[in-house]
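Trainee: I am sharing structure_22.csv, which consists of CSV, C-alpha atoms:
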chain,number,residue,atom,x,y,z
A,1,MET,CA,0.0,0.0,0.0
A,2,ILE,CA,1.2,3.5,-0.8
A,3,GLU,CA,-0.2,6.3,1.3
A,4,ILE,CA,0.1,9.9,0.2
A,5,GLU,CA,-0.3,12.7,2.6
A,6,VAL,CA,-0.4,16.2,1.2
A,7,GLU,CA,0.4,18.7,4.0
A,8,ASP,CA,1.2,21.7,1.7
A,9,ALA,CA,-1.6,22.7,-0.6
A,10,ALA,CA,1.1,24.2,-3.0
A,11,TRP,CA,1.6,20.7,-4.3
A,12,THR,CA,-2.0,20.3,-5.5
A,13,ALA,CA,-2.2,23.9,-6.7
A,14,ALA,CA,0.9,23.3,-8.9
A,15,LEU,CA,0.0,19.7,-9.8
A,16,PRO,CA,-3.7,18.9,-9.5
A,17,ASP,CA,-2.9,15.2,-10.3
A,18,VAL,CA,0.0,15.1,-7.7
A,19,ASP,CA,-1.5,11.9,-6.0
A,20,ALA,CA,-1.4,10.1,-9.4
A,21,VAL,CA,2.1,11.2,-10.1
A,22,VAL,CA,3.4,10.0,-6.7
A,23,MET,CA,1.4,6.8,-6.9
A,24,ARG,CA,2.8,5.9,-10.3
A,25,ALA,CA,6.4,6.7,-9.4
A,26,ALA,CA,6.3,4.9,-6.0
A,27,SER,CA,4.6,1.8,-7.5
A,28,ALA,CA,7.2,1.6,-10.3
A,29,ALA,CA,10.0,1.9,-7.8
A,30,LEU,CA,8.6,-0.8,-5.6
A,31,GLY,CA,8.0,-3.1,-8.5
A,32,ALA,CA,7.1,-6.6,-7.1
A,33,VAL,CA,8.3,-5.7,-3.6
A,34,GLU,CA,5.6,-6.2,-0.9
A,35,GLY,CA,5.3,-3.5,1.7
A,36,ASP,CA,3.8,-0.2,2.7
A,37,VAL,CA,5.2,3.3,2.0
A,38,VAL,CA,4.1,6.7,3.2
A,39,VAL,CA,4.9,9.7,1.0
A,40,LEU,CA,4.5,13.1,2.7
A,41,LEU,CA,4.3,16.2,0.5
A,42,THR,CA,5.0,19.1,2.8
A,43,ASP,CA,6.7,22.5,2.8
A,44,ASP,CA,10.4,23.4,3.1
A,45,ALA,CA,10.1,24.2,6.8
A,46,GLY,CA,8.8,20.7,7.5
A,47,VAL,CA,11.6,19.1,5.6
A,48,GLN,CA,14.2,21.4,7.2
A,49,ASP,CA,12.9,20.4,10.7
A,50,LEU,CA,13.2,16.7,9.9
A,51,ASN,CA,16.6,17.2,8.3
A,52,ALA,CA,17.8,19.0,11.4
A,53,ARG,CA,16.4,16.5,13.9
A,54,PHE,CA,17.3,13.3,12.1
A,55,ARG,CA,20.3,14.2,10.0
A,56,ASP,CA,21.9,17.1,11.8
A,57,LYS,CA,21.6,19.2,8.7
A,58,ASP,CA,19.6,22.4,9.5
A,59,ARG,CA,18.5,23.2,6.0
A,60,PRO,CA,15.8,22.1,3.5
A,61,THR,CA,16.5,19.6,0.8
A,62,ASN,CA,14.6,17.9,-2.0
A,63,VAL,CA,13.8,14.5,-0.6
A,64,LEU,CA,14.3,12.6,2.7
A,65,SER,CA,13.9,8.9,3.1
A,66,PHE,CA,13.3,7.2,6.5
A,67,PRO,CA,13.6,3.4,6.2
A,68,ALA,CA,11.5,1.6,8.8
A,69,ALA,CA,13.0,-1.0,11.1
A,70,GLU,CA,12.6,-4.6,9.9
A,71,SER,CA,10.3,-5.2,12.8
A,72,ALA,CA,7.9,-2.7,11.4
A,73,PHE,CA,7.2,-4.8,8.2
A,74,PRO,CA,5.2,-4.5,6.1
A,75,HIS,CA,5.9,-0.7,6.6
A,76,LEU,CA,9.0,0.0,4.6
A,77,GLY,CA,9.4,3.6,5.5
A,78,ASP,CA,8.5,7.2,4.7
A,79,VAL,CA,9.6,9.6,1.9
A,80,VAL,CA,9.2,13.3,2.6
A,81,LEU,CA,9.4,16.1,0.0
A,82,GLY,CA,9.3,19.9,0.4
A,83,TYR,CA,7.4,21.9,-2.3
A,84,ALA,CA,9.4,25.1,-2.8
A,85,TYR,CA,12.7,23.4,-2.9
A,86,CYS,CA,11.5,20.8,-5.4
A,87,ALA,CA,9.8,23.3,-7.6
A,88,ALA,CA,12.8,25.6,-7.7
A,89,GLU,CA,15.1,22.7,-8.4
A,90,ALA,CA,12.8,21.5,-11.3
A,91,GLU,CA,12.8,25.0,-12.8
A,92,THR,CA,16.5,25.4,-12.5
A,93,GLN,CA,17.1,22.1,-14.2
A,94,GLY,CA,14.6,22.8,-16.9
A,95,LYS,CA,12.3,19.9,-15.9
A,96,THR,CA,8.6,19.7,-15.4
A,97,LEU,CA,7.6,19.5,-11.7
A,98,SER,CA,5.8,16.3,-12.5
A,99,ASP,CA,8.9,14.7,-14.0
A,100,HIS,CA,11.1,16.0,-11.2
A,101,LEU,CA,8.7,14.8,-8.5
A,102,SER,CA,8.6,11.3,-10.2
A,103,HIS,CA,12.4,11.1,-10.1
A,104,LEU,CA,12.6,12.2,-6.4
A,105,VAL,CA,9.9,9.7,-5.4
A,106,VAL,CA,11.6,6.9,-7.2
A,107,HIS,CA,14.9,8.0,-5.6
A,108,GLY,CA,13.4,8.1,-2.1
A,109,VAL,CA,11.6,4.7,-2.5
A,110,LEU,CA,14.8,3.1,-3.7
A,111,HIS,CA,16.5,4.3,-0.5
A,112,LEU,CA,13.7,2.6,1.5
A,113,LEU,CA,14.6,-0.6,-0.4
A,114,GLY,CA,18.3,-0.4,0.7
A,115,ARG,CA,19.8,1.3,-2.4
A,116,ASP,CA,22.4,4.0,-1.7
A,117,HIS,CA,24.9,6.3,-3.3
A,118,GLU,CA,27.6,6.6,-0.7
A,119,ASP,CA,30.4,5.7,-3.2
A,120,GLU,CA,30.7,6.0,-6.9
A,121,ALA,CA,29.9,2.4,-7.7
A,122,GLU,CA,26.7,2.5,-5.6
A,123,ALA,CA,25.8,5.9,-7.2
A,124,GLU,CA,26.2,4.6,-10.7
A,125,GLU,CA,24.1,1.5,-9.9
A,126,MET,CA,21.3,3.5,-8.2
A,127,GLU,CA,21.2,6.0,-11.1
A,128,ALA,CA,21.0,3.3,-13.6
A,129,GLU,CA,18.1,1.7,-11.8
A,130,GLU,CA,16.4,5.2,-11.5
A,131,ARG,CA,16.8,5.7,-15.3
A,132,GLU,CA,15.3,2.4,-16.1
A,133,ILE,CA,12.3,2.9,-13.8
A,134,LEU,CA,11.8,6.5,-15.1
A,135,ALA,CA,12.1,5.5,-18.7
A,136,ALA,CA,9.3,3.0,-18.2
A,137,LEU,CA,7.2,5.9,-16.9
A,138,GLY,CA,8.1,8.1,-19.9
A,139,VAL,CA,10.3,10.4,-17.9
A,140,ALA,CA,13.6,11.5,-19.5
A,141,ASP,CA,16.9,10.7,-17.9
A,142,PRO,CA,17.2,13.0,-14.9
A,143,TYR,CA,21.0,12.8,-15.0
A,144,ALA,CA,21.5,13.6,-18.7
A,145,VAL,CA,22.4,17.2,-18.2
A,146,GLU,CA,24.6,16.5,-15.2
A,147,HIS,CA,26.6,13.8,-17.2
A,148,GLU,CA,26.9,16.0,-20.3
A,149,ALA,CA,28.5,18.7,-18.0
A,150,ASP,CA,30.9,16.1,-16.7
A,151,ALA,CA,32.0,15.1,-20.2
Would you kindly transcribe this structure into structure tokens?
Mentor:
Amino acid sequence: MIEIEVEDAAWTAALPDVDAVVMRAASAALGAVEGDVVVLLTDDAGVQDLNARFRDKDRPTNVLSFPAAESAFPHLGDVVLGYAYCAAEAETQGKTLSDHLSHLVVHGVLHLLGRDHEDEAEAEEMEAEEREILAALGVADPYAVEHEADA
């Protein structure tokens, strides 16, 4: 089960179909994995508070993932996104908010499934998985511009 909580109305104002976008992306990232996920769409202050309390980083960010303890199964964890940060990031990167949100939800859910990007090999593997999932959703490679700049 995927539960979507919209805490900041800016999400639905900008994307009237935000629930469908999140549901599609989270479902695609989960694939055949059984489990429950909560996606919280909040504001930057909410993300900053969580980031400060749980990661000792007192600033907003685009997405936070909180994997659940194994004993909480079938709950896999929570993914939290802040509207203004995500919207500004999408605009800066020349992406639609829908596509950027899809990418961040996929990224967050993959973290709940144990994927990470702490070293270069892990990052490349996770990015490849994200690309594959997003391509199946019709979302362009979110790393294309980044990798062109590296070349």
Trainee: Counting all atoms listed in the file, find residues at most 12 Å from (15.8, 7.1, -6.0) (file frame) and give them as a PyMOL selection string.
Mentor: chain A and resi 25-26+28-30+62-65+79+100-117+122-134+142-143
Trainee: Just checking: using only C-alpha atoms, which residue out of A:Gly138, A:Val18, A:Ile2, A:Thr61 ends up closest to Asp43 of chain A?
Mentor: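 Closest residue, counting only C-alpha atoms: A:Thr61.
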Trainee: Using only C-alpha atoms, find the one residue out of A:Ala32, A:Ala140, A:Ser98, A:Ala135 that sits nearest to Ala14 of chain A.
Mentor: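 When distances to Ala14 of chain A are compared using only C-alpha atoms, the smallest one comes from A:Ser98.
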Trainee: Find the residue from A:Leu50, A:Leu137, A:Val80, A:Ala90 that sits nearest to Val37 of chain A; use all atoms listed in the file when measuring.
Mentor: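 For Val37 of chain A, the nearest of the candidates is A:Val80.
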Trainee: Have a look at A:Ala144, A:Asp56, A:Asn51, A:Asp78 and name the one nearest to Gly94 of chain A; count all atoms listed in the file.
Mentor: A:Ala144
Trainee: Would you pick out the contacts of Glu3 of chain A at 9 Å or less, using only C-alpha atoms, so that residues sharing its chain but fewer than 4 positions from it are not included, and give the list as a PDB file with C-alpha atoms, keeping the file's coordinate frame?
Mentor:
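Listed below is the output, selection14.pdb:
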ATOM      1  CA  MET A  23       1.400   6.800  -6.900  1.00  0.00           C
ATOM      2  CA  ASP A  36       3.800  -0.200   2.700  1.00  0.00           C
ATOM      3  CA  VAL A  37       5.200   3.300   2.000  1.00  0.00           C
ATOM      4  CA  VAL A  38       4.100   6.700   3.200  1.00  0.00           C
ATOM      5  CA  VAL A  39       4.900   9.700   1.000  1.00  0.00           C
ATOM      6  CA  LEU A  40       4.500  13.100   2.700  1.00  0.00           C
TER       7      LEU A  40
END
Trainee: Just how far from atom CA of Gly46 of chain A is atom CA of Gly82 of chain A, in Å to one decimal?
Mentor: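 Atom CA of Gly82 of chain A sits 7.2 Å away from atom CA of Gly46 of chain A.
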Trainee: Just to confirm, what's the straight-line distance from atom CA of Asp141 of chain A to atom CA of Pro60 of chain A in Å (one decimal)?
Mentor: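 Atom CA of Pro60 of chain A lies at a distance of 24.3 Å from atom CA of Asp141 of chain A.
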Trainee: Which residue out of A:Leu41, A:Leu76, A:Cys86, A:Glu34 has the minimum interatomic distance to Thr12 of chain A when all atoms listed in the file are used?
Mentor: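 Comparing A:Leu41, A:Leu76, A:Cys86, A:Glu34 against Thr12 of chain A, the winner is A:Leu41.
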Trainee: Starting from 4 Å padding per side, set up an axis-aligned box that covers all listed atoms of segment 128-141 of chain A and hand over centre and edge lengths in Å, one decimal, as AutoDock Vina command-line options.
Mentor:
--center_x 14.1 --center_y 6.6 --center_z -15.7 --size_x 21.8 --size_y 17.8 --size_z 16.4
Trainee: When you draw a straight line from atom CA of Leu15 of chain A to atom CA of Leu97 of chain A, how long is it in Å?
Mentor: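 Between atom CA of Leu15 of chain A and atom CA of Leu97 of chain A the gap is 7.8 Å.
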Trainee: Can you work out which one of A:Tyr83, A:Phe73, A:Asp99, A:Met1 has the shortest atom-to-atom distance to Asp44 of chain A, counting all atoms listed in the file?
Mentor: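 Nearest to Asp44 of chain A: A:Tyr83.
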